[in-house]
>>> print(open('my_file09.txt').read())   # compact mmCIF, C-alpha atoms
# COMPACT_ATOMS: atom_id res chain seq x y z
CA MET L 845 43.34 -5.72 -71.58
CA TYR L 846 44.31 -4.24 -68.19
CA LYS L 847 46.19 -1.49 -69.99
CA TYR L 848 42.93 -0.19 -71.50
CA PHE L 849 41.21 -0.20 -68.08
CA ILE L 850 44.00 1.77 -66.50
CA SER L 851 43.96 4.24 -69.34
CA ALA L 852 40.21 4.61 -69.02
CA PHE L 853 40.54 5.34 -65.23
CA LEU L 854 43.15 7.94 -65.90
CA PHE L 855 40.81 9.56 -68.37
CA PHE L 856 38.02 9.78 -65.74
CA VAL L 857 40.36 11.26 -63.15
CA LEU L 858 41.07 14.06 -65.49
CA VAL L 859 37.40 14.68 -66.25
CA ASP L 860 36.54 14.65 -62.57
CA GLY L 861 39.21 17.18 -61.89
CA PHE L 862 37.77 19.56 -64.39
CA SER L 863 34.21 19.31 -63.15
CA GLN L 864 35.23 19.77 -59.52
CA ALA L 865 37.16 22.92 -60.32
CA LYS L 866 34.11 24.42 -61.94
CA GLU L 867 31.60 23.56 -59.19
CA THR L 868 33.49 24.75 -56.12
CA ALA L 869 33.19 28.28 -57.29
CA ILE L 870 29.35 28.12 -57.29
CA THR L 871 28.13 26.14 -54.21
CA GLU L 872 29.27 25.41 -50.68
CA THR L 873 28.31 22.25 -48.79
CA LYS L 874 25.94 22.88 -45.88
CA LYS L 875 26.84 21.62 -42.41
CA ASP L 876 24.32 19.18 -40.87
CA THR L 877 22.73 21.10 -37.96
CA ILE L 878 20.01 18.65 -36.86
CA ILE L 879 20.47 17.65 -33.20
CA TYR L 880 18.07 15.19 -31.69
CA LYS L 881 16.93 16.65 -28.38
CA SER L 882 15.64 14.36 -25.67
CA ALA L 883 13.06 15.13 -23.04
CA TYR L 884 13.85 15.91 -19.41
CA GLY L 885 11.15 15.54 -16.83
CA ILE L 886 9.51 13.42 -14.21
CA ARG L 887 8.30 9.94 -15.03
CA LEU L 888 5.55 8.39 -12.90
CA GLY L 889 4.06 4.94 -13.07
CA ILE L 890 2.96 1.76 -11.35
CA ASP L 891 4.27 -1.76 -11.12
CA ILE L 892 1.72 -3.81 -13.05
CA SER L 893 3.08 -7.17 -11.91
CA LYS L 894 2.05 -6.72 -8.28
CA PRO L 895 -1.74 -6.28 -8.77
CA ILE L 896 -1.70 -9.13 -11.30
CA LEU L 897 0.22 -11.39 -8.95
CA GLY L 898 -2.18 -10.39 -6.15
CA SER L 899 -5.22 -11.39 -8.18
CA ILE L 900 -3.72 -14.79 -9.07
CA SER L 901 -2.22 -15.71 -5.72
CA ASP L 902 -4.12 -16.06 -2.44
CA SER L 903 -1.01 -15.52 -0.39
CA TYR L 904 0.11 -12.20 -1.90
CA SER L 905 -1.18 -8.70 -2.43
CA GLY L 906 0.79 -5.61 -3.25
CA PHE L 907 0.95 -2.25 -4.91
CA GLU L 908 3.87 -0.07 -6.00
CA ILE L 909 4.25 3.44 -7.38
CA VAL L 910 7.44 4.21 -9.28
CA GLY L 911 8.97 7.48 -10.33
CA ASP L 912 12.17 8.90 -11.69
CA TYR L 913 13.60 12.29 -12.53
CA ARG L 914 16.24 12.84 -15.17
CA ILE L 915 19.21 14.87 -13.95
CA SER L 916 21.69 14.42 -16.79
CA LYS L 917 22.10 12.67 -20.12
CA ARG L 918 22.52 9.30 -18.48
CA PHE L 919 21.52 9.65 -14.82
CA PHE L 920 18.06 9.41 -13.32
CA VAL L 921 17.11 9.81 -9.65
CA ALA L 922 14.62 7.04 -8.99
CA ALA L 923 12.25 6.09 -6.19
CA GLU L 924 9.62 3.46 -5.42
CA LEU L 925 6.91 3.41 -2.79
CA GLY L 926 4.79 0.38 -2.05
CA TYR L 927 2.70 -1.80 0.22
CA GLU L 928 2.81 -5.59 0.34
CA GLU L 929 1.19 -8.47 2.19
CA GLN L 930 2.59 -11.96 1.99
CA ASN L 931 1.65 -15.23 3.62
CA SER L 932 4.72 -17.46 3.83
CA ILE L 933 3.79 -21.11 4.17
CA GLU L 934 6.77 -23.28 4.95
CA ASP L 935 7.00 -26.94 5.90
CA TYR L 936 6.78 -26.28 9.62
CA THR L 937 5.64 -22.67 9.93
CA ASP L 938 2.90 -20.43 8.56
CA SER L 939 3.54 -16.73 8.92
CA SER L 940 2.29 -13.55 7.30
CA THR L 941 3.92 -10.18 6.79
CA LYS L 942 2.38 -6.86 5.89
CA GLY L 943 3.82 -3.41 5.63
CA SER L 944 5.04 -0.61 3.45
CA TYR L 945 8.39 0.30 1.94
CA ALA L 946 10.32 3.03 0.19
CA LYS L 947 13.35 2.84 -2.08
CA LEU L 948 15.53 5.67 -3.24
CA GLY L 949 18.47 5.64 -5.62
CA PHE L 950 19.53 6.20 -9.20
CA ASN L 951 19.58 4.60 -12.62
CA TYR L 952 22.35 4.88 -15.18
CA ASN L 953 21.37 4.47 -18.79
CA ALA L 954 24.06 2.54 -20.63
CA TYR L 955 22.25 2.51 -23.95
CA GLU L 956 23.24 4.82 -26.83
CA ASN L 957 20.01 5.77 -28.59
CA TRP L 958 19.65 6.10 -32.35
CA LEU L 959 18.17 9.29 -33.69
CA ASP L 960 15.27 10.42 -31.51
CA MET L 961 14.63 7.15 -29.69
CA ASN L 962 14.30 7.15 -25.90
CA ASN L 963 15.03 3.64 -24.84
CA GLU L 964 17.17 2.50 -21.94
CA ILE L 965 19.26 -0.40 -20.85
CA PHE L 966 20.02 0.61 -17.32
CA VAL L 967 21.76 -0.39 -14.16
CA GLY L 968 20.80 1.11 -10.85
CA TYR L 969 21.26 1.23 -7.13
CA ARG L 970 18.61 1.66 -4.44
CA TYR L 971 18.61 2.05 -0.71
CA GLY L 972 15.49 0.36 0.62
CA PHE L 973 13.66 0.66 3.89
CA SER L 974 10.51 -1.07 5.08
CA LEU L 975 8.29 -1.06 8.15
CA PHE L 976 6.12 -4.09 8.76
CA ASP L 977 4.34 -6.50 11.11
CA GLN L 978 4.90 -10.24 11.06
CA THR L 979 2.47 -12.76 12.47
CA LEU L 980 3.36 -16.34 13.19
CA ASN L 981 -0.04 -17.88 12.47
CA SER L 982 0.77 -21.47 13.33
CA PHE L 983 3.64 -23.89 13.56
CA THR L 984 4.32 -27.56 14.03
CA PRO L 985 7.41 -28.40 16.07
CA ASN L 986 9.81 -30.43 13.98
CA VAL L 987 10.17 -33.51 16.18
CA ASN L 988 11.40 -35.71 13.33
CA SER L 989 9.59 -38.65 14.84
CA SER L 990 6.36 -40.40 14.05
CA TYR L 991 6.63 -42.28 17.34
CA PHE L 992 5.60 -39.18 19.27
CA PRO L 993 4.05 -36.89 16.67
CA ALA L 994 3.71 -33.18 17.39
CA ASN L 995 0.54 -31.14 17.11
CA SER L 996 0.17 -27.96 15.12
CA ILE L 997 0.07 -24.97 17.43
CA ASN L 998 -2.46 -22.37 16.28
CA ASN L 999 -1.78 -19.48 18.55
CA PRO L 1000 -1.02 -16.41 16.39
CA VAL L 1001 1.76 -14.23 17.71
CA THR L 1002 2.28 -10.81 16.10
CA ALA L 1003 5.52 -8.90 16.19
CA SER L 1004 4.80 -5.33 15.18
CA SER L 1005 6.96 -2.41 14.00
CA LEU L 1006 9.72 -4.56 12.58
CA ASN L 1007 12.01 -2.93 10.04
CA ALA L 1008 14.57 -3.77 7.39
CA HIS L 1009 17.21 -1.79 5.51
CA TRP L 1010 18.86 -3.04 2.38
CA SER L 1011 20.87 -2.24 -0.75
CA GLU L 1012 19.55 -3.16 -4.12
CA PHE L 1013 21.31 -3.58 -7.47
CA ILE L 1014 19.09 -3.30 -10.52
CA PHE L 1015 19.41 -4.24 -14.15
CA GLY L 1016 16.64 -3.48 -16.60
CA LEU L 1017 15.22 -2.32 -19.90
CA LYS L 1018 12.92 0.60 -20.63
CA VAL L 1019 11.18 1.09 -23.92
CA GLU L 1020 9.14 4.07 -25.12
CA THR L 1021 6.13 2.37 -26.71
CA PHE L 1022 3.97 5.41 -27.44
CA LYS L 1023 4.99 9.03 -27.11
CA ASN L 1024 6.01 9.54 -23.45
CA LEU L 1025 4.68 6.14 -22.37
CA PHE L 1026 7.34 3.76 -21.10
CA VAL L 1027 7.22 0.07 -20.41
CA SER L 1028 9.98 -1.34 -18.26
CA ALA L 1029 11.18 -4.67 -16.96
CA SER L 1030 13.92 -5.04 -14.39
CA ALA L 1031 15.46 -7.54 -12.04
CA SER L 1032 17.09 -6.74 -8.75
CA TYR L 1033 19.49 -8.39 -6.36
CA LYS L 1034 19.17 -7.25 -2.76
CA VAL L 1035 21.55 -7.44 0.14
CA LEU L 1036 20.13 -6.96 3.60
CA MET L 1037 21.99 -4.43 5.75
CA SER L 1038 19.93 -4.79 8.92
CA VAL L 1039 16.68 -6.33 10.04
CA LYS L 1040 14.80 -6.30 13.31
CA GLU L 1041 13.89 -9.89 14.13
CA PRO L 1042 10.83 -10.87 16.17
CA GLU L 1043 11.37 -12.57 19.50
CA LYS L 1044 11.79 -16.36 19.33
CA PHE L 1045 11.26 -16.31 15.57
CA LYS L 1046 12.83 -14.85 12.43
CA THR L 1047 11.85 -12.34 9.76
CA LEU L 1048 11.19 -14.50 6.71
CA TYR L 1049 9.83 -11.83 4.40
CA ALA L 1050 10.11 -8.06 4.23
CA PRO L 1051 7.88 -5.90 2.02
CA GLY L 1052 9.89 -4.53 -0.88
CA PHE L 1053 12.66 -6.99 -0.21
CA ASN L 1054 10.66 -10.19 -0.77
CA ARG L 1055 11.78 -13.45 0.74
CA ILE L 1056 14.87 -13.16 2.92
CA PHE L 1057 17.21 -15.97 2.06
CA GLU L 1058 19.46 -17.61 4.65
CA SER L 1059 22.43 -15.53 3.45
CA SER L 1060 20.45 -12.26 3.93
CA THR L 1061 19.97 -11.76 0.22
CA GLY L 1062 16.90 -11.45 -1.94
CA PHE L 1063 15.60 -11.07 -5.49
CA GLY L 1064 12.95 -8.95 -7.09
CA PHE L 1065 11.34 -8.37 -10.46
CA ASN L 1066 9.49 -5.30 -11.63
CA TYR L 1067 7.27 -4.71 -14.66
CA THR L 1068 6.23 -1.10 -14.79
CA VAL L 1069 4.25 1.23 -17.01
CA SER L 1070 5.10 4.89 -16.60
CA TYR L 1071 4.29 8.20 -18.20
CA LEU L 1072 6.78 11.00 -18.78
CA ILE L 1073 5.77 14.53 -17.90
CA SER L 1074 8.33 16.47 -19.90
CA PHE L 1075 9.57 19.83 -18.59
CA LYS L 1076 12.12 20.71 -21.23
CA LYS L 1077 14.16 19.31 -24.08
CA LYS L 1078 17.85 19.46 -24.48
CA MET C 398 28.65 -5.78 -26.08
CA LYS C 399 27.62 -3.89 -22.93
CA LYS C 400 24.35 -5.80 -22.94
CA ILE C 401 26.20 -9.11 -22.96
CA VAL C 402 28.39 -8.03 -20.06
CA PHE C 403 25.37 -6.99 -17.99
CA LEU C 404 23.51 -10.19 -18.70
CA PHE C 405 26.58 -12.15 -17.73
CA ILE C 406 26.92 -10.32 -14.42
CA LEU C 407 23.22 -10.78 -13.70
CA THR C 408 23.39 -14.51 -14.37
CA LEU C 409 26.43 -14.76 -12.15
CA ILE C 410 24.65 -13.01 -9.28
CA ILE C 411 21.57 -15.19 -9.59
CA PHE C 412 23.45 -18.45 -9.68
CA SER C 413 25.99 -17.59 -7.01
CA ALA C 414 23.29 -16.54 -4.57
CA CYS C 415 21.00 -19.54 -4.84
CA GLU C 416 21.03 -21.76 -1.84
CA LYS C 417 19.26 -24.71 -0.32
CA ASP C 418 17.18 -23.37 2.50
CA ASP C 419 14.19 -25.15 1.02
CA PHE C 420 15.31 -28.42 2.51
CA CYS C 421 16.02 -29.11 6.12
CA THR C 422 19.37 -30.86 6.15
CA LYS C 423 19.82 -30.74 9.89
CA ASN C 424 19.16 -34.15 11.35
CA PRO C 425 17.83 -34.53 13.94
CA VAL C 426 16.22 -31.17 14.61
CA THR C 427 14.66 -32.08 17.95
CA PRO C 428 17.22 -33.99 20.01
CA ASN C 429 16.61 -37.58 21.05
CA LEU C 430 17.70 -39.02 24.37
CA VAL C 431 20.93 -40.95 24.02
CA LEU C 432 21.67 -43.81 26.42
CA ARG C 433 24.84 -45.86 26.68
CA PHE C 434 25.15 -49.12 28.55
CA TYR C 435 28.14 -49.85 30.80
CA ASP C 436 29.27 -52.75 32.93
CA THR C 437 28.21 -52.18 36.53
CA ASN C 438 31.31 -53.95 37.88
CA SER C 439 33.77 -52.07 35.72
CA ARG C 440 32.12 -48.72 35.11
CA GLY C 441 34.52 -47.50 32.45
CA THR C 442 33.74 -50.23 29.94
CA LEU C 443 30.78 -50.48 27.63
CA LYS C 444 28.69 -53.61 27.86
CA ASP C 445 26.16 -54.83 25.30
CA VAL C 446 22.61 -55.48 26.29
CA SER C 447 21.41 -58.63 24.61
CA ALA C 448 17.81 -59.33 23.55
CA LEU C 449 16.84 -55.73 24.25
CA TYR C 450 13.27 -54.60 23.63
CA VAL C 451 12.36 -50.95 24.03
CA TRP C 452 8.90 -49.43 24.01
CA ALA C 453 7.18 -46.40 25.49
CA GLU C 454 4.23 -46.98 27.79
CA GLY C 455 1.20 -47.75 25.59
CA LYS C 456 3.19 -47.60 22.33
CA ASP C 457 4.74 -49.99 19.82
CA THR C 458 8.24 -51.35 20.20
CA ILE C 459 11.03 -49.21 18.76
CA PHE C 460 13.89 -51.64 19.36
CA LYS C 461 13.11 -55.30 18.91
CA ASN C 462 15.55 -57.96 20.06
CA VAL C 463 18.74 -56.01 19.48
CA ILE C 464 22.22 -56.38 20.87
CA THR C 465 23.70 -52.96 21.45
CA ASP C 466 25.57 -50.76 23.88
CA SER C 467 23.85 -47.52 22.94
CA ILE C 468 20.39 -46.41 21.90
CA TYR C 469 18.61 -43.16 21.19
CA ILE C 470 14.94 -42.70 21.91
CA PRO C 471 12.51 -39.84 21.17
CA LEU C 472 10.77 -38.00 23.97
CA ASN C 473 7.10 -37.02 23.91
CA SER C 474 6.92 -33.27 23.28
CA LEU C 475 3.22 -33.14 24.13
CA ALA C 476 3.68 -34.35 27.70
CA ASN C 477 5.99 -33.56 30.58
CA GLU C 478 7.10 -37.12 31.05
CA THR C 479 7.85 -40.16 28.94
CA ILE C 480 7.85 -43.64 30.42
CA TYR C 481 9.98 -46.20 28.63
CA ASN C 482 10.19 -49.91 29.21
CA PHE C 483 13.53 -51.59 28.62
CA SER C 484 13.29 -55.34 28.51
CA LYS C 485 16.37 -57.53 28.74
CA GLY C 486 15.68 -61.26 28.57
CA ASN C 487 12.05 -60.82 29.70
CA VAL C 488 12.99 -58.68 32.70
CA VAL C 489 11.34 -55.29 32.28
CA ASN C 490 12.88 -52.16 33.72
CA GLN C 491 10.76 -49.02 33.68
CA PHE C 492 12.65 -45.82 33.00
CA THR C 493 10.85 -42.48 33.44
CA ILE C 494 12.05 -39.19 32.03
CA LYS C 495 10.49 -35.98 33.36
CA TYR C 496 11.07 -32.59 31.76
CA THR C 497 9.63 -29.29 30.61
CA THR C 498 9.50 -28.43 26.91
CA GLN C 499 10.53 -25.27 25.11
CA ASP C 500 10.00 -24.24 21.47
CA ASP C 501 13.17 -23.07 19.78
CA TYR C 502 13.32 -21.62 16.27
CA VAL C 503 15.95 -23.18 13.99
CA SER C 504 15.46 -22.04 10.40
CA ARG C 505 12.94 -21.53 7.61
CA SER C 506 13.18 -25.09 6.34
CA CYS C 507 13.59 -26.82 9.71
CA GLY C 508 11.04 -24.78 11.63
CA PHE C 509 10.86 -25.05 15.39
CA ARG C 510 12.48 -27.75 17.46
CA ILE C 511 11.77 -28.81 21.01
CA LEU C 512 14.29 -28.41 23.78
CA PHE C 513 13.88 -30.47 26.93
CA ASN C 514 14.73 -28.62 30.11
CA GLU C 515 14.95 -29.54 33.81
CA VAL C 516 15.26 -33.19 32.90
CA SER C 517 15.20 -35.83 35.63
CA PHE C 518 15.37 -39.61 35.36
CA GLU C 519 13.85 -42.39 37.45
CA SER C 520 14.25 -46.14 37.25
CA ASN C 521 12.53 -48.98 39.09
CA THR C 522 15.89 -50.81 39.27
CA THR C 523 15.30 -54.34 38.02
CA TRP C 524 18.15 -55.17 35.65
CA ILE C 525 19.43 -51.57 35.51
CA LYS C 526 21.56 -51.36 38.64
CA ASP C 527 22.39 -47.69 38.47
CA PHE C 528 22.60 -44.71 36.12
CA THR C 529 24.20 -41.32 35.99
CA PRO C 530 23.40 -38.41 35.94
CA LYS C 531 20.09 -38.28 37.81
CA ALA C 532 19.19 -34.91 36.27
CA LEU C 533 20.16 -32.64 33.38
CA THR C 534 19.52 -28.93 32.94
CA THR C 535 18.81 -29.26 29.23
CA ILE C 536 18.87 -31.63 26.27
CA ASP C 537 19.66 -29.50 23.23
CA ASN C 538 21.81 -31.85 21.16
CA GLN C 539 22.64 -35.51 20.82
CA ASN C 540 26.33 -35.34 20.13
CA THR C 541 27.17 -37.27 23.28
CA ALA C 542 25.32 -39.70 25.50
CA HIS C 543 22.98 -38.07 28.00
CA VAL C 544 22.72 -40.98 30.41
CA GLN C 545 25.12 -43.76 31.30
CA ILE C 546 23.34 -46.91 32.36
CA PHE C 547 25.07 -49.61 34.46
CA HIS C 548 23.93 -53.19 34.36
>>> encode(input="my_file09.txt", output="structure tokens")
Amino acid sequence: MYKYFISAFLFFVLVDGFSQAKETAITETKKDTIIYKSAYGIRLGIDISKPILGSISDSYSGFEIVGDYRISKRFFVAAELGYEEQNSIEDYTDSSTKGSYAKLGFNYNAYENWLDMNNEIFVGYRYGFSLFDQTLNSFTPNVNSSYFPANSINNPVTASSLNAHWSEFIFGLKVETFKNLFVSASASYKVLMSVKEPEKFKTLYAPGFNRIFESSTGFGFNYTVSYLISFKKK
Amino acid sequence: MKKIVFLFILTLIIFSACEKDDFCTKNPVTPNLVLRFYDTNSRGTLKDVSALYVWAEGKDTIFKNVITDSIYIPLNSLANETIYNFSKGNVVNQFTIKYTTQDDYVSRSCGFRILFNEVSFESNTTWIKDFTPKALTTIDNQNTAHVQIFH
């Protein structure tokens, strides 16, 4: 049985050889010349999570403008500008912070797009700087005793022109939903480099940085919608 | 594959950086006044006070019929003096502590504590024969006894 199969294959090899010899003389295969070009330009947008959070929460309000500029296939120069107000209510203190911030850095797109898609899985770095005022609205001394309880002291003290500098590491996703319209979600881990503390108190929150943890670190989340103004394609 | 690596790093960062500054673990935050009782005849040795009652002027009793050689008592942060009554076998000795208070920031979870400065002590010398020191510049911890009481 196998013998017949093998013989049959041999027969086809021969036929194939004949047909190939004929055809090569007539046509030549064309080289695929389609290259998918991607857009280069400036992308501007806003952080949609901050106004939403501000409308839900009484203790927060904020606004952020985001932008990036593509400099190479994978690198983008990115910046954020914003303003935030936060009321931090702790067990023994009630303080509020308000001020503006700026962040500047870059994103690296680690995602290899298919065809003409423009999506990103990116990592990034930012240098952040913020200028703010912090008011200690009230506090209750922690006397850990019900024998002599302490009263809440409502004597607001404002420390103005405080500042903070930090480094931020970002991981996120960007998806082109409609032509040139991008939706992005990212998370960031921040490490405080320096902060100006108020007298006899501590900076608990910095705009752009969010809550300052005991180890001088912080976290942030961004949900942005941005529009690409394309200059050229390559 | 890259995606998995990034997610892994992110998770690692988040979990490694979480910490417990939501709970105040420092105890006590505001220092109490620590007293130790010594034998007045042999001032190096501790001596128990038996049937000891302790209460602040106009307040409830904090120590009720205890036998001890050391106690710690809170000070009133809203006033500049606290008057305590120490009763040993129905003999009451009034002990007055005078001070100034100062707010001192500790941490987010612990808030502010009170430091007691320029502290001075007075006693009406009934069963307490003597005490030392008569004054302290500050009470900012309770690691050691602040006052030695001889009886």
>>> closest_atom_pairs(input="my_file09.txt", of="chain C", to="chain L", cutoff="7 Å", atoms="only C-alpha atoms", output="tab-separated table")
residue	atom	partner	partner_atom	distance
C:Asp418	CA	L:Glu1058	CA	6.6
C:Pro425	CA	L:Asn988	CA	6.6
C:Val426	CA	L:Asn986	CA	6.5
C:Thr427	CA	L:Val987	CA	5.0
C:Asn473	CA	L:Phe992	CA	5.3
C:Ser474	CA	L:Ala994	CA	6.7
C:Leu475	CA	L:Ala994	CA	6.8
C:Asp501	CA	L:Lys1044	CA	6.9
C:Tyr502	CA	L:Phe1045	CA	5.7
C:Arg505	CA	L:Glu934	CA	6.9
C:Ser506	CA	L:Asp935	CA	6.5
C:Cys507	CA	L:Asn986	CA	6.7
C:Gly508	CA	L:Tyr936	CA	4.9
C:Phe509	CA	L:Pro985	CA	4.9
C:Arg510	CA	L:Asn986	CA	5.1
C:Ile511	CA	L:Pro985	CA	6.6
>>> closest_residue(input="my_file09.txt", among="L:Lys1077, L:Phe920, L:Pro1042, L:Ala1003", to="Arg970 (chain L)", atoms="all atoms listed in the file")
L:Phe920
>>> residues_around(input="my_file09.txt", residues="Asp527 (chain C)", least_positions_apart="2", cutoff="12 Å", atoms="all atoms listed in the file", output="list of chain:residue names")
C:Phe434, C:Tyr435, C:Asp436, C:Thr437, C:Asn438, C:Arg440, C:Asn490, C:Phe492, C:Phe518, C:Glu519, C:Ser520, C:Asn521, C:Thr522, C:Thr523, C:Trp524, C:Ile525, C:Thr529, C:Pro530, C:Lys531, C:Val544, C:Gln545, C:Ile546, C:Phe547, C:His548
>>> write_last_selection(input="my_file09.txt", atoms="C-alpha atoms", output="tab-separated table (two decimals), keeping the file's coordinate frame")
chain	number	residue	atom	x	y	z
C	434	PHE	CA	25.15	-49.12	28.55
C	435	TYR	CA	28.14	-49.85	30.80
C	436	ASP	CA	29.27	-52.75	32.93
C	437	THR	CA	28.21	-52.18	36.53
C	438	ASN	CA	31.31	-53.95	37.88
C	440	ARG	CA	32.12	-48.72	35.11
C	490	ASN	CA	12.88	-52.16	33.72
C	492	PHE	CA	12.65	-45.82	33.00
C	518	PHE	CA	15.37	-39.61	35.36
C	519	GLU	CA	13.85	-42.39	37.45
C	520	SER	CA	14.25	-46.14	37.25
C	521	ASN	CA	12.53	-48.98	39.09
C	522	THR	CA	15.89	-50.81	39.27
C	523	THR	CA	15.30	-54.34	38.02
C	524	TRP	CA	18.15	-55.17	35.65
C	525	ILE	CA	19.43	-51.57	35.51
C	529	THR	CA	24.20	-41.32	35.99
C	530	PRO	CA	23.40	-38.41	35.94
C	531	LYS	CA	20.09	-38.28	37.81
C	544	VAL	CA	22.72	-40.98	30.41
C	545	GLN	CA	25.12	-43.76	31.30
C	546	ILE	CA	23.34	-46.91	32.36
C	547	PHE	CA	25.07	-49.61	34.46
C	548	HIS	CA	23.93	-53.19	34.36
>>> residues_near_point(input="my_file09.txt", point="(4.4, -7.9, 3.9)", cutoff="6 Å", atoms="only C-alpha atoms", output="PyMOL selection string")
chain L and resi 928-930+941-943+1050-1051
>>> atom_distance(input="my_file09.txt", atom1="CA of Phe483 (chain C)", atom2="CA of Gln499 (chain C)")
26.7 Å
>>> residues_around(input="my_file09.txt", residues="Val516 (chain C)", least_positions_apart="3", cutoff="12 Å", atoms="all atoms listed in the file", output="VMD selection string")
chain C and resid 430 472 477 to 479 493 to 498 512 to 513 519 530 to 537 543 to 544
>>> atom_distance(input="my_file09.txt", atom1="CA of Thr1002 (chain L)", atom2="CA of Leu1036 (chain L)")
22.1 Å
>>> atom_distance(input="my_file09.txt", atom1="CA of Asp912 (chain L)", atom2="CA of Ile892 (chain L)")
16.5 Å
>>> closest_residue(input="my_file09.txt", among="C:Glu515, C:Lys423, C:Val489, C:Leu449", to="Ile468 (chain C)", atoms="all atoms listed in the file")
C:Leu449
>>> closest_residue(input="my_file09.txt", among="C:Thr442, C:Thr458, C:Gln539, C:Ser504", to="Tyr481 (chain C)", atoms="all atoms listed in the file")
C:Thr458
